[in-house]
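Chemist: So that you have it, the file is entry.pdb, and it contains PDB, C-alpha atoms:
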```
ATOM      1  CA  MET A   1     -32.548 -25.772 -12.248
ATOM      2  CA  LYS A   2     -32.835 -22.238 -13.604
ATOM      3  CA  ASP A   3     -29.939 -19.958 -12.775
ATOM      4  CA  GLU A   4     -32.102 -17.003 -11.809
ATOM      5  CA  ARG A   5     -34.307 -18.987  -9.444
ATOM      6  CA  PHE A   6     -31.308 -20.599  -7.808
ATOM      7  CA  GLU A   7     -29.597 -17.236  -7.366
ATOM      8  CA  GLU A   8     -32.786 -15.772  -5.929
ATOM      9  CA  LEU A   9     -32.987 -18.610  -3.450
ATOM     10  CA  LEU A  10     -29.413 -18.002  -2.348
ATOM     11  CA  ARG A  11     -29.953 -14.259  -2.071
ATOM     12  CA  ALA A  12     -32.990 -14.857   0.092
ATOM     13  CA  GLN A  13     -30.935 -16.530   2.804
ATOM     14  CA  PRO A  14     -30.467 -13.960   5.565
ATOM     15  CA  LEU A  15     -26.953 -13.401   6.846
ATOM     16  CA  ARG A  16     -26.020 -13.098  10.479
ATOM     17  CA  GLN A  17     -25.932  -9.713  12.144
ATOM     18  CA  VAL A  18     -22.674  -8.227  13.312
ATOM     19  CA  PRO A  19     -22.538  -8.634  17.112
ATOM     20  CA  SER A  20     -23.665  -5.352  18.626
ATOM     21  CA  ALA A  21     -21.116  -5.679  21.420
ATOM     22  CA  TRP A  22     -18.289  -5.249  18.926
ATOM     23  CA  ARG A  23     -19.200  -1.683  17.993
ATOM     24  CA  ALA A  24     -17.957   0.040  21.130
ATOM     25  CA  GLY A  25     -14.714  -1.902  21.292
ATOM     26  CA  ILE A  26     -13.816  -1.474  17.640
ATOM     27  CA  LEU A  27     -14.645   2.227  17.604
ATOM     28  CA  GLU A  28     -12.694   2.748  20.808
ATOM     29  CA  ARG A  29      -9.611   1.137  19.288
ATOM     30  CA  ALA A  30     -10.053   3.057  16.052
ATOM     31  CA  ASN A  31     -10.412   6.384  17.868
ATOM     32  CA  ALA A  32      -7.346   5.615  19.970
ATOM     33  CA  ALA A  33      -5.416   4.908  16.773
ATOM     34  CA  ALA A  34      -6.677   8.175  15.303
ATOM     35  CA  ASP A  35      -5.495  10.091  18.391
ATOM     36  CA  ILE A  36      -2.040   8.565  18.102
ATOM     37  CA  ALA A  37      -1.868   9.233  14.390
ATOM     38  CA  ALA A  38      -3.126  12.824  14.608
ATOM     39  CA  PRO A  39       0.200  14.469  15.614
ATOM     40  CA  MET A  40       1.991  12.476  12.931
ATOM     41  CA  THR A  41      -0.315  13.679  10.200
ATOM     42  CA  ARG A  42      -0.429  17.296  11.383
ATOM     43  CA  GLY A  43       2.295  18.291   8.915
ATOM     44  CA  GLN A  44       0.062  17.425   5.950
ATOM     45  CA  ASP A  45      -1.805  20.732   6.252
ATOM     46  CA  LEU A  46       1.371  22.863   6.156
ATOM     47  CA  PRO A  47       3.012  24.453   3.124
ATOM     48  CA  TRP A  48       5.506  22.162   1.410
ATOM     49  CA  TRP A  49       8.572  23.747   2.937
ATOM     50  CA  ARG A  50       7.127  23.592   6.426
ATOM     51  CA  ALA A  51       5.891  20.087   5.842
ATOM     52  CA  TRP A  52       9.442  19.157   4.830
ATOM     53  CA  LEU A  53      10.876  20.701   7.959
ATOM     54  CA  TRP A  54       8.002  19.619  10.130
ATOM     55  CA  PRO A  55       9.047  16.177  11.337
ATOM     56  CA  HIS A  56      11.989  17.556  13.399
ATOM     57  CA  PRO A  57      11.688  21.355  13.589
ATOM     58  CA  VAL A  58      13.868  21.660  16.687
ATOM     59  CA  ALA A  59      16.628  19.589  15.118
ATOM     60  CA  TRP A  60      16.542  21.654  11.935
ATOM     61  CA  GLY A  61      16.554  24.886  13.959
ATOM     62  CA  GLY A  62      19.476  23.652  16.032
ATOM     63  CA  LEU A  63      21.421  22.689  12.948
ATOM     64  CA  ALA A  64      20.786  26.094  11.388
ATOM     65  CA  ALA A  65      21.873  27.859  14.583
ATOM     66  CA  ALA A  66      25.057  25.793  14.786
ATOM     67  CA  TRP A  67      25.842  26.545  11.160
ATOM     68  CA  LEU A  68      25.298  30.269  11.634
ATOM     69  CA  LEU A  69      27.435  30.243  14.763
ATOM     70  CA  SER A  70      30.202  28.415  12.946
ATOM     71  CA  LEU A  71      30.005  30.839  10.033
ATOM     72  CA  GLY A  72      30.094  33.836  12.357
ATOM     73  CA  LEU A  73      33.077  32.515  14.262
ATOM     74  CA  GLY A  74      34.942  31.692  11.078
ATOM     75  CA  TRP A  75      34.302  35.184   9.760
ATOM     76  CA  SER A  76      35.296  37.115  12.854
ATOM     77  CA  THR A  77      38.170  35.033  14.214
ATOM     78  CA  PRO A  78      41.493  35.379  12.372
ATOM     79  CA  ALA A  79      43.360  32.161  11.890
ATOM     80  CA  PRO A  80      46.765  32.126  13.651
ATOM     81  CA  GLY A  81      49.551  33.352  11.375
ATOM     82  CA  ASP A  82      47.094  34.121   8.619
ATOM     83  CA  GLY A  83      45.918  37.571   7.705
ATOM     84  CA  ARG A  84      43.021  36.508   5.515
ATOM     85  CA  SER A  85      40.144  37.169   7.819
ATOM     86  CA  SER A  86      39.137  40.474   6.282
ATOM     87  CA  PRO A  87      36.813  40.646   3.263
ATOM     88  CA  ALA A  88      39.656  42.045   1.151
ATOM     89  CA  ALA A  89      41.857  39.137   2.069
ATOM     90  CA  ARG A  90      39.029  36.760   1.191
ATOM     91  CA  ALA A  91      38.697  38.441  -2.209
ATOM     92  CA  VAL A  92      42.377  37.805  -2.764
ATOM     93  CA  SER A  93      41.925  34.199  -1.801
ATOM     94  CA  VAL A  94      39.141  33.846  -4.355
ATOM     95  CA  SER A  95      41.364  35.232  -7.102
ATOM     96  CA  GLU A  96      44.087  32.838  -6.017
ATOM     97  CA  LEU A  97      41.643  30.007  -6.178
ATOM     98  CA  GLN A  98      40.650  31.038  -9.700
ATOM     99  CA  ALA A  99      44.285  31.130 -10.771
ATOM    100  CA  ALA A 100      44.864  27.712  -9.247
ATOM    101  CA  LEU A 101      41.865  26.338 -11.111
ATOM    102  CA  VAL A 102      43.205  27.697 -14.390
ATOM    103  CA  LEU A 103      46.578  26.079 -13.745
ATOM    104  CA  TRP A 104      44.926  22.814 -12.832
ATOM    105  CA  HIS A 105      42.822  22.935 -15.962
ATOM    106  CA  ARG A 106      45.886  23.479 -18.165
ATOM    107  CA  ALA A 107      47.733  20.665 -16.459
ATOM    108  CA  ALA A 108      44.786  18.376 -17.030
ATOM    109  CA  ILE A 109      44.733  19.241 -20.724
ATOM    110  CA  GLU A 110      48.458  18.585 -21.044
ATOM    111  CA  MET A 111      48.139  15.254 -19.310
ATOM    112  CA  THR A 112      45.501  14.119 -21.800
ATOM    113  CA  GLU A 113      47.717  15.017 -24.804
ATOM    114  CA  PRO A 114      49.042  11.711 -26.242
ATOM    115  CA  ASP A 115      51.511  13.444 -28.563
ATOM    116  CA  ALA A 116      54.623  13.046 -26.507
ATOM    117  CA  PRO A 117      54.701   9.778 -24.614
ATOM    118  CA  LYS A 118      57.220   9.883 -21.815
ATOM    119  CA  VAL A 119      58.066   6.182 -22.020
ATOM    120  CA  ALA A 120      58.527   3.934 -25.002
ATOM    121  CA  GLU A 121      55.371   2.108 -25.936
ATOM    122  CA  PRO A 122      55.433  -1.602 -26.821
ATOM    123  CA  PRO A 123      55.264  -2.278 -30.546
ATOM    124  CA  SER A 124      51.740  -2.288 -31.804
ATOM    125  CA  PRO A 125      50.524  -4.929 -34.296
ATOM    126  CA  THR A 126      48.471  -2.310 -36.096
ATOM    127  CA  PRO A 127      50.156   0.376 -38.131
ATOM    128  CA  ALA A 128      50.614   3.561 -36.158
ATOM    129  CA  LEU A 129      48.441   6.474 -37.159
ATOM    130  CA  PRO A 130      49.566  10.076 -37.084
ATOM    131  CA  PRO A 131      49.030  11.544 -33.647
ATOM    132  CA  HIS A 132      46.398  14.054 -34.739
ATOM    133  CA  SER A 133      44.269  11.352 -36.370
ATOM    134  CA  ARG A 134      44.466   9.171 -33.255
ATOM    135  CA  ARG A 135      43.285  12.069 -31.219
ATOM    136  CA  LEU A 136      40.587  13.323 -33.521
ATOM    137  CA  THR A 137      38.973  10.100 -34.621
ATOM    138  CA  PRO A 138      36.994   9.427 -31.450
ATOM    139  CA  LEU A 139      35.909  13.067 -31.350
ATOM    140  CA  SER A 140      34.698  12.967 -34.933
ATOM    141  CA  VAL A 141      32.800   9.786 -34.216
ATOM    142  CA  ARG A 142      31.168  11.395 -31.249
ATOM    143  CA  LEU A 143      30.226  14.470 -33.228
ATOM    144  CA  THR A 144      28.606  12.471 -35.959
TER     145      THR A 144
ATOM    146  CA  MET B   1     -10.750  10.944  11.340
ATOM    147  CA  PRO B   2     -13.212  12.477  13.845
ATOM    148  CA  PRO B   3     -15.242  10.028  15.951
ATOM    149  CA  PRO B   4     -18.636  10.924  14.374
ATOM    150  CA  ALA B   5     -17.306  10.115  10.917
ATOM    151  CA  LEU B   6     -15.967   6.790  12.134
ATOM    152  CA  GLU B   7     -19.260   5.970  13.798
ATOM    153  CA  ARG B   8     -21.127   6.723  10.610
ATOM    154  CA  LEU B   9     -18.775   4.496   8.632
ATOM    155  CA  TYR B  10     -19.231   1.712  11.134
ATOM    156  CA  ASP B  11     -23.003   1.981  11.194
ATOM    157  CA  GLU B  12     -23.249   2.043   7.420
ATOM    158  CA  HIS B  13     -20.699  -0.599   6.481
ATOM    159  CA  ALA B  14     -19.778  -2.818   9.429
ATOM    160  CA  GLN B  15     -22.570  -5.303   8.714
ATOM    161  CA  ALA B  16     -21.463  -5.833   5.127
ATOM    162  CA  LEU B  17     -17.813  -6.048   6.109
ATOM    163  CA  TYR B  18     -18.613  -8.488   8.892
ATOM    164  CA  CYS B  19     -20.468 -10.888   6.610
ATOM    165  CA  PHE B  20     -17.832 -10.640   3.903
ATOM    166  CA  LEU B  21     -15.038 -11.314   6.369
ATOM    167  CA  LEU B  22     -16.983 -14.125   7.998
ATOM    168  CA  SER B  23     -17.506 -15.678   4.582
ATOM    169  CA  LEU B  24     -13.779 -15.462   3.864
ATOM    170  CA  THR B  25     -12.372 -16.502   7.225
ATOM    171  CA  ARG B  26     -15.244 -18.586   8.635
ATOM    172  CA  ASN B  27     -13.838 -17.656  11.990
ATOM    173  CA  GLU B  28     -15.473 -15.245  14.409
ATOM    174  CA  GLU B  29     -12.260 -14.137  16.101
ATOM    175  CA  ASP B  30     -10.429 -13.535  12.850
ATOM    176  CA  CYS B  31     -13.444 -11.693  11.570
ATOM    177  CA  ARG B  32     -13.451  -9.344  14.553
ATOM    178  CA  ASP B  33      -9.716  -8.732  14.319
ATOM    179  CA  LEU B  34      -9.911  -7.951  10.617
ATOM    180  CA  LEU B  35     -12.939  -5.729  11.010
ATOM    181  CA  GLN B  36     -11.130  -3.795  13.697
ATOM    182  CA  ASP B  37      -8.061  -3.635  11.485
ATOM    183  CA  VAL B  38     -10.083  -2.011   8.711
ATOM    184  CA  PHE B  39     -11.486   0.661  11.016
ATOM    185  CA  VAL B  40      -8.165   1.316  12.732
ATOM    186  CA  LYS B  41      -6.489   1.842   9.357
ATOM    187  CA  THR B  42      -9.303   4.119   8.270
ATOM    188  CA  ALA B  43      -9.067   6.123  11.495
ATOM    189  CA  ARG B  44      -5.297   6.496  11.228
ATOM    190  CA  ASP B  45      -5.473   8.117   7.821
ATOM    191  CA  PRO B  46      -8.050  10.925   7.753
ATOM    192  CA  GLY B  47      -7.694  11.416   4.010
ATOM    193  CA  LEU B  48      -8.027   7.755   3.114
ATOM    194  CA  LEU B  49     -11.571   8.062   1.833
ATOM    195  CA  ASP B  50     -11.109  11.445   0.154
ATOM    196  CA  GLY B  51     -12.264  11.199  -3.428
ATOM    197  CA  VAL B  52     -13.542   7.655  -3.013
ATOM    198  CA  ARG B  53     -16.728   7.227  -5.040
ATOM    199  CA  ASN B  54     -17.986   4.090  -3.375
ATOM    200  CA  GLU B  55     -17.107   3.803   0.296
ATOM    201  CA  ARG B  56     -18.566   0.311   0.547
ATOM    202  CA  SER B  57     -16.440  -1.061  -2.295
ATOM    203  CA  PHE B  58     -13.360   0.645  -0.928
ATOM    204  CA  LEU B  59     -13.853  -0.790   2.555
ATOM    205  CA  LEU B  60     -14.640  -4.227   1.154
ATOM    206  CA  ARG B  61     -11.377  -4.073  -0.726
ATOM    207  CA  MET B  62      -9.540  -3.141   2.465
ATOM    208  CA  ALA B  63     -11.217  -6.040   4.241
ATOM    209  CA  HIS B  64     -10.311  -8.437   1.451
ATOM    210  CA  ASN B  65      -6.683  -7.307   1.486
ATOM    211  CA  ALA B  66      -6.559  -7.676   5.258
ATOM    212  CA  ALA B  67      -7.925 -11.214   4.992
ATOM    213  CA  ILE B  68      -5.462 -12.137   2.253
ATOM    214  CA  ASP B  69      -2.616 -10.795   4.398
ATOM    215  CA  LEU B  70      -3.829 -12.939   7.267
ATOM    216  CA  PHE B  71      -3.956 -16.051   5.070
ATOM    217  CA  ARG B  72      -0.454 -15.362   3.786
ATOM    218  CA  ARG B  73       0.948 -14.831   7.257
ATOM    219  CA  ARG B  74      -0.573 -18.109   8.352
ATOM    220  CA  ALA B  75       0.670 -19.934   5.286
ATOM    221  CA  ALA B  76       4.153 -18.577   5.941
ATOM    222  CA  ARG B  77       3.973 -19.848   9.511
ATOM    223  CA  ARG B  78       2.431 -23.113   8.266
ATOM    224  CA  GLU B  79      -0.502 -22.639  10.579
ATOM    225  CA  ASP B  80      -3.800 -24.337  10.008
ATOM    226  CA  ASP B  81      -6.330 -21.910   8.569
ATOM    227  CA  ARG B  82      -8.950 -23.199  10.884
ATOM    228  CA  SER B  83      -8.643 -22.485  14.558
ATOM    229  CA  PRO B  84     -10.948 -24.267  17.024
ATOM    230  CA  ALA B  85     -13.377 -21.366  16.702
ATOM    231  CA  ALA B  86     -13.565 -21.764  12.913
ATOM    232  CA  ASP B  87     -16.622 -22.594  10.871
ATOM    233  CA  ALA B  88     -18.733 -19.870  12.370
ATOM    234  CA  PRO B  89     -22.138 -19.897  10.672
ATOM    235  CA  LEU B  90     -22.665 -17.248   8.043
ATOM    236  CA  PHE B  91     -26.444 -17.414   7.940
ATOM    237  CA  ALA B  92     -28.985 -16.403  10.530
ATOM    238  CA  PRO B  93     -30.717 -19.309  12.264
ATOM    239  CA  ALA B  94     -34.076 -20.274  10.801
ATOM    240  CA  ALA B  95     -37.201 -21.377  12.654
ATOM    241  CA  ASP B  96     -38.278 -23.657   9.834
ATOM    242  CA  PRO B  97     -36.325 -26.970   9.875
ATOM    243  CA  ASP B  98     -36.208 -27.212   6.081
ATOM    244  CA  ALA B  99     -34.846 -23.725   5.778
ATOM    245  CA  GLU B 100     -32.321 -24.472   8.508
ATOM    246  CA  THR B 101     -31.233 -27.611   6.677
ATOM    247  CA  PHE B 102     -30.813 -25.684   3.455
ATOM    248  CA  ARG B 103     -28.783 -22.951   5.162
ATOM    249  CA  ALA B 104     -26.539 -25.498   6.819
ATOM    250  CA  ALA B 105     -26.004 -27.230   3.482
ATOM    251  CA  LEU B 106     -25.318 -23.916   1.777
ATOM    252  CA  HIS B 107     -22.843 -23.025   4.496
ATOM    253  CA  GLY B 108     -21.068 -26.339   3.963
ATOM    254  CA  ALA B 109     -21.084 -25.969   0.182
ATOM    255  CA  LEU B 110     -19.611 -22.475   0.436
ATOM    256  CA  ALA B 111     -16.884 -23.816   2.702
ATOM    257  CA  GLU B 112     -15.792 -26.198  -0.042
ATOM    258  CA  LEU B 113     -15.236 -23.397  -2.511
ATOM    259  CA  PRO B 114     -11.839 -21.753  -2.875
ATOM    260  CA  PRO B 115     -11.765 -18.411  -1.034
ATOM    261  CA  GLU B 116     -11.464 -16.440  -4.265
ATOM    262  CA  GLN B 117     -14.696 -17.960  -5.642
ATOM    263  CA  ARG B 118     -16.384 -17.546  -2.291
ATOM    264  CA  ALA B 119     -15.444 -13.873  -2.227
ATOM    265  CA  VAL B 120     -16.936 -13.232  -5.669
ATOM    266  CA  LEU B 121     -20.106 -15.184  -4.887
ATOM    267  CA  HIS B 122     -20.580 -13.331  -1.635
ATOM    268  CA  LEU B 123     -20.144  -9.891  -3.162
ATOM    269  CA  LYS B 124     -22.448 -10.717  -6.052
ATOM    270  CA  LEU B 125     -25.193 -12.540  -4.183
ATOM    271  CA  TRP B 126     -25.319 -10.863  -0.801
ATOM    272  CA  GLU B 127     -23.792  -7.457  -1.474
ATOM    273  CA  GLY B 128     -25.415  -6.995  -4.844
ATOM    274  CA  LEU B 129     -22.245  -5.676  -6.448
ATOM    275  CA  THR B 130     -21.859  -5.703 -10.215
ATOM    276  CA  PHE B 131     -18.978  -7.589 -11.800
ATOM    277  CA  ASP B 132     -17.318  -4.238 -12.437
ATOM    278  CA  GLU B 133     -17.511  -3.372  -8.766
ATOM    279  CA  ILE B 134     -16.361  -6.843  -7.736
ATOM    280  CA  ALA B 135     -13.410  -6.644 -10.088
ATOM    281  CA  GLU B 136     -12.475  -3.304  -8.583
ATOM    282  CA  ALA B 137     -12.970  -4.429  -5.011
ATOM    283  CA  LEU B 138     -10.938  -7.604  -5.416
ATOM    284  CA  ASP B 139      -8.432  -6.111  -7.840
ATOM    285  CA  ILE B 140      -9.043  -8.735 -10.507
ATOM    286  CA  PRO B 141     -10.039  -8.514 -14.174
ATOM    287  CA  LEU B 142     -13.722  -8.315 -14.964
ATOM    288  CA  ASN B 143     -13.694 -11.633 -16.846
ATOM    289  CA  THR B 144     -12.028 -13.332 -13.908
ATOM    290  CA  ALA B 145     -14.738 -12.080 -11.593
ATOM    291  CA  ALA B 146     -17.438 -13.349 -13.937
ATOM    292  CA  SER B 147     -15.824 -16.759 -14.450
ATOM    293  CA  ARG B 148     -15.211 -17.248 -10.735
ATOM    294  CA  TYR B 149     -18.850 -16.477 -10.111
ATOM    295  CA  ARG B 150     -19.973 -18.934 -12.755
ATOM    296  CA  TYR B 151     -17.720 -21.744 -11.509
ATOM    297  CA  GLY B 152     -18.691 -21.140  -7.912
ATOM    298  CA  LEU B 153     -22.392 -21.039  -8.685
ATOM    299  CA  ASP B 154     -22.161 -24.267 -10.682
ATOM    300  CA  LYS B 155     -20.484 -26.003  -7.758
ATOM    301  CA  LEU B 156     -23.119 -24.766  -5.340
ATOM    302  CA  ARG B 157     -25.882 -25.854  -7.664
ATOM    303  CA  GLY B 158     -24.431 -29.320  -7.996
ATOM    304  CA  ARG B 159     -23.984 -29.655  -4.279
ATOM    305  CA  LEU B 160     -27.421 -28.296  -3.339
ATOM    306  CA  ARG B 161     -29.457 -29.809  -6.163
ATOM    307  CA  PRO B 162     -31.199 -32.501  -4.062
ATOM    308  CA  LEU B 163     -32.265 -29.997  -1.423
ATOM    309  CA  TYR B 164     -33.204 -27.404  -3.978
ATOM    310  CA  ASP B 165     -35.396 -29.858  -5.845
ATOM    311  CA  GLU B 166     -37.229 -30.582  -2.610
ATOM    312  CA  ILE B 167     -37.753 -26.920  -1.812
ATOM    313  CA  VAL B 168     -38.932 -25.815  -5.251
TER     314      VAL B 168
END
```
Can the structure from this file be put into structure tokens for me?
Modeler:
Amino acid sequence: MKDERFEELLRAQPLRQVPSAWRAGILERANAAADIAAPMTRGQDLPWWRAWLWPHPVAWGGLAAAWLLSLGLGWSTPAPGDGRSSPAARAVSVSELQAALVLWHRAAIEMTEPDAPKVAEPPSPTPALPPHSRRLTPLSVRLT
Amino acid sequence: MPPPALERLYDEHAQALYCFLLSLTRNEEDCRDLLQDVFVKTARDPGLLDGVRNERSFLLRMAHNAAIDLFRRRAARREDDRSPAADAPLFAPAADPDAETFRAALHGALAELPPEQRAVLHLKLWEGLTFDEIAEALDIPLNTAASRYRYGLDKLRGRLRPLYDEIV
């Protein structure tokens, strides 16, 4: 049996027709699905930032309004027993914060210094290295 | 997707999708559900066909995926693939008794093939797709498409040889 002739014979067999009654029902369901999906896909035509905000614009707007209100209240209302509500006072508080950060940074550096252990360490089986070499070796390894 | 575009898609491709799905499922109800599924998914996503070179291949792929999902769901639920309405005929009825006998035998022989071979045979024989297009539609390598076609055709030939010898 030749392949081509057999394939031709198979191809010649007519297939059934799709039932014509299905068309209306299927298209009706598809159009209904499209109508439902349309509002959900509306954001795709917006600029990226609006598309990002689009799913819940009222919620985002409400959140922004609440934040602004909170900011405004915090700015205008002096805290009880605290005179730091003016811009000048806030500037002072920023400088204080900077000073505190510097102090914290120094303290952190001192805490990482292994030179002066506060408590006696247990005897080590390996010979002790000078403090500077213990400290610098890992750094030199990292640099290389 | 606007209704006119959907109607055009249906009028141009529903027949091919119907036959392909009927060949895969052999069940009229499943075929209708899956065909509807394809058009509902297409309608839900207006940009789905943007940039698609071959609408027919794309929709056939959607139909194939929908059928595979159905088979997997049924396998997971341990359901029988064949409902009472299964084994719906794929071929149009013939007036000539010999032709009718051959079509019935061909229908039975196709039913014995694994679905993956049946899918390739259908797309090659009755959709006229190339192996490249079949590979793309079914998401399989080109060689796999060709070998499935060859195996499937050999099985059909073996099964239909007595009838074929009478006809030719």
Chemist: Within 7 Å of chain A, which residues belong to chain B? Use all atoms listed in the file and report them as a list in words.
Modeler: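 Using all atoms listed in the file, chain B residues at most 7 Å from chain A: Met1, Pro3, Gln15, Tyr18, Cys19, Gln36, Phe39, Val40, Ala43, Arg44, Leu90, Phe91, Ala92, Leu125 and Trp126 of chain B.
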Chemist: Once the PyMOL selection byres ((chain B and resi 146) around 10) has been evaluated on this model, what residues remain selected, and can you format them as JSON, numbers by chain?
Modeler: {"B": [117, 120, 121, 124, 130, 131, 132, 134, 135, 141, 142, 143, 144, 145, 147, 148, 149, 150, 151, 152]}
Chemist: Interatomic distance between CA of Phe20 (chain B) and CA of His122 (chain B)?
Modeler: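 Interatomic distance, CA of Phe20 (chain B) to CA of His122 (chain B): 6.7 Å.
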Chemist: In Å, rounded to a single decimal, give me how far CA of Trp48 (chain A) is from CA of Gly61 (chain A).
Modeler: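 Computing the Euclidean distance for CA of Gly61 (chain A) and CA of Trp48 (chain A) yields 16.9 Å.
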Chemist: To one decimal in Å, tell me the separation between CA of Gly51 (chain B) and CA of Arg32 (chain B).
Modeler: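 Here the two named atoms are 27.3 Å from each other.
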Chemist: Choose the residue, out of B:Arg77, B:Thr25, B:Pro2, B:Arg157, that has the smallest atom-to-atom separation from Thr42 (chain B); count all atoms listed in the file.
Modeler: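 Using all atoms listed in the file, the shortest distance to Thr42 (chain B) belongs to B:Pro2.
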Chemist: Under the PyMOL selection byres ((chain B and resi 67) around 9), which residues of this model are included? Write them out as a compact mmCIF listing (two decimals) with C-alpha atoms, in the coordinates of the input.
Modeler:
```txt
# COMPACT_ATOMS: atom_id res chain seq x y z
CA LEU B 21 -15.04 -11.31 6.37
CA LEU B 24 -13.78 -15.46 3.86
CA THR B 25 -12.37 -16.50 7.22
CA ASP B 30 -10.43 -13.54 12.85
CA CYS B 31 -13.44 -11.69 11.57
CA LEU B 34 -9.91 -7.95 10.62
CA MET B 62 -9.54 -3.14 2.46
CA ALA B 63 -11.22 -6.04 4.24
CA HIS B 64 -10.31 -8.44 1.45
CA ASN B 65 -6.68 -7.31 1.49
CA ALA B 66 -6.56 -7.68 5.26
CA ILE B 68 -5.46 -12.14 2.25
CA ASP B 69 -2.62 -10.80 4.40
CA LEU B 70 -3.83 -12.94 7.27
CA PHE B 71 -3.96 -16.05 5.07
CA ARG B 72 -0.45 -15.36 3.79
```
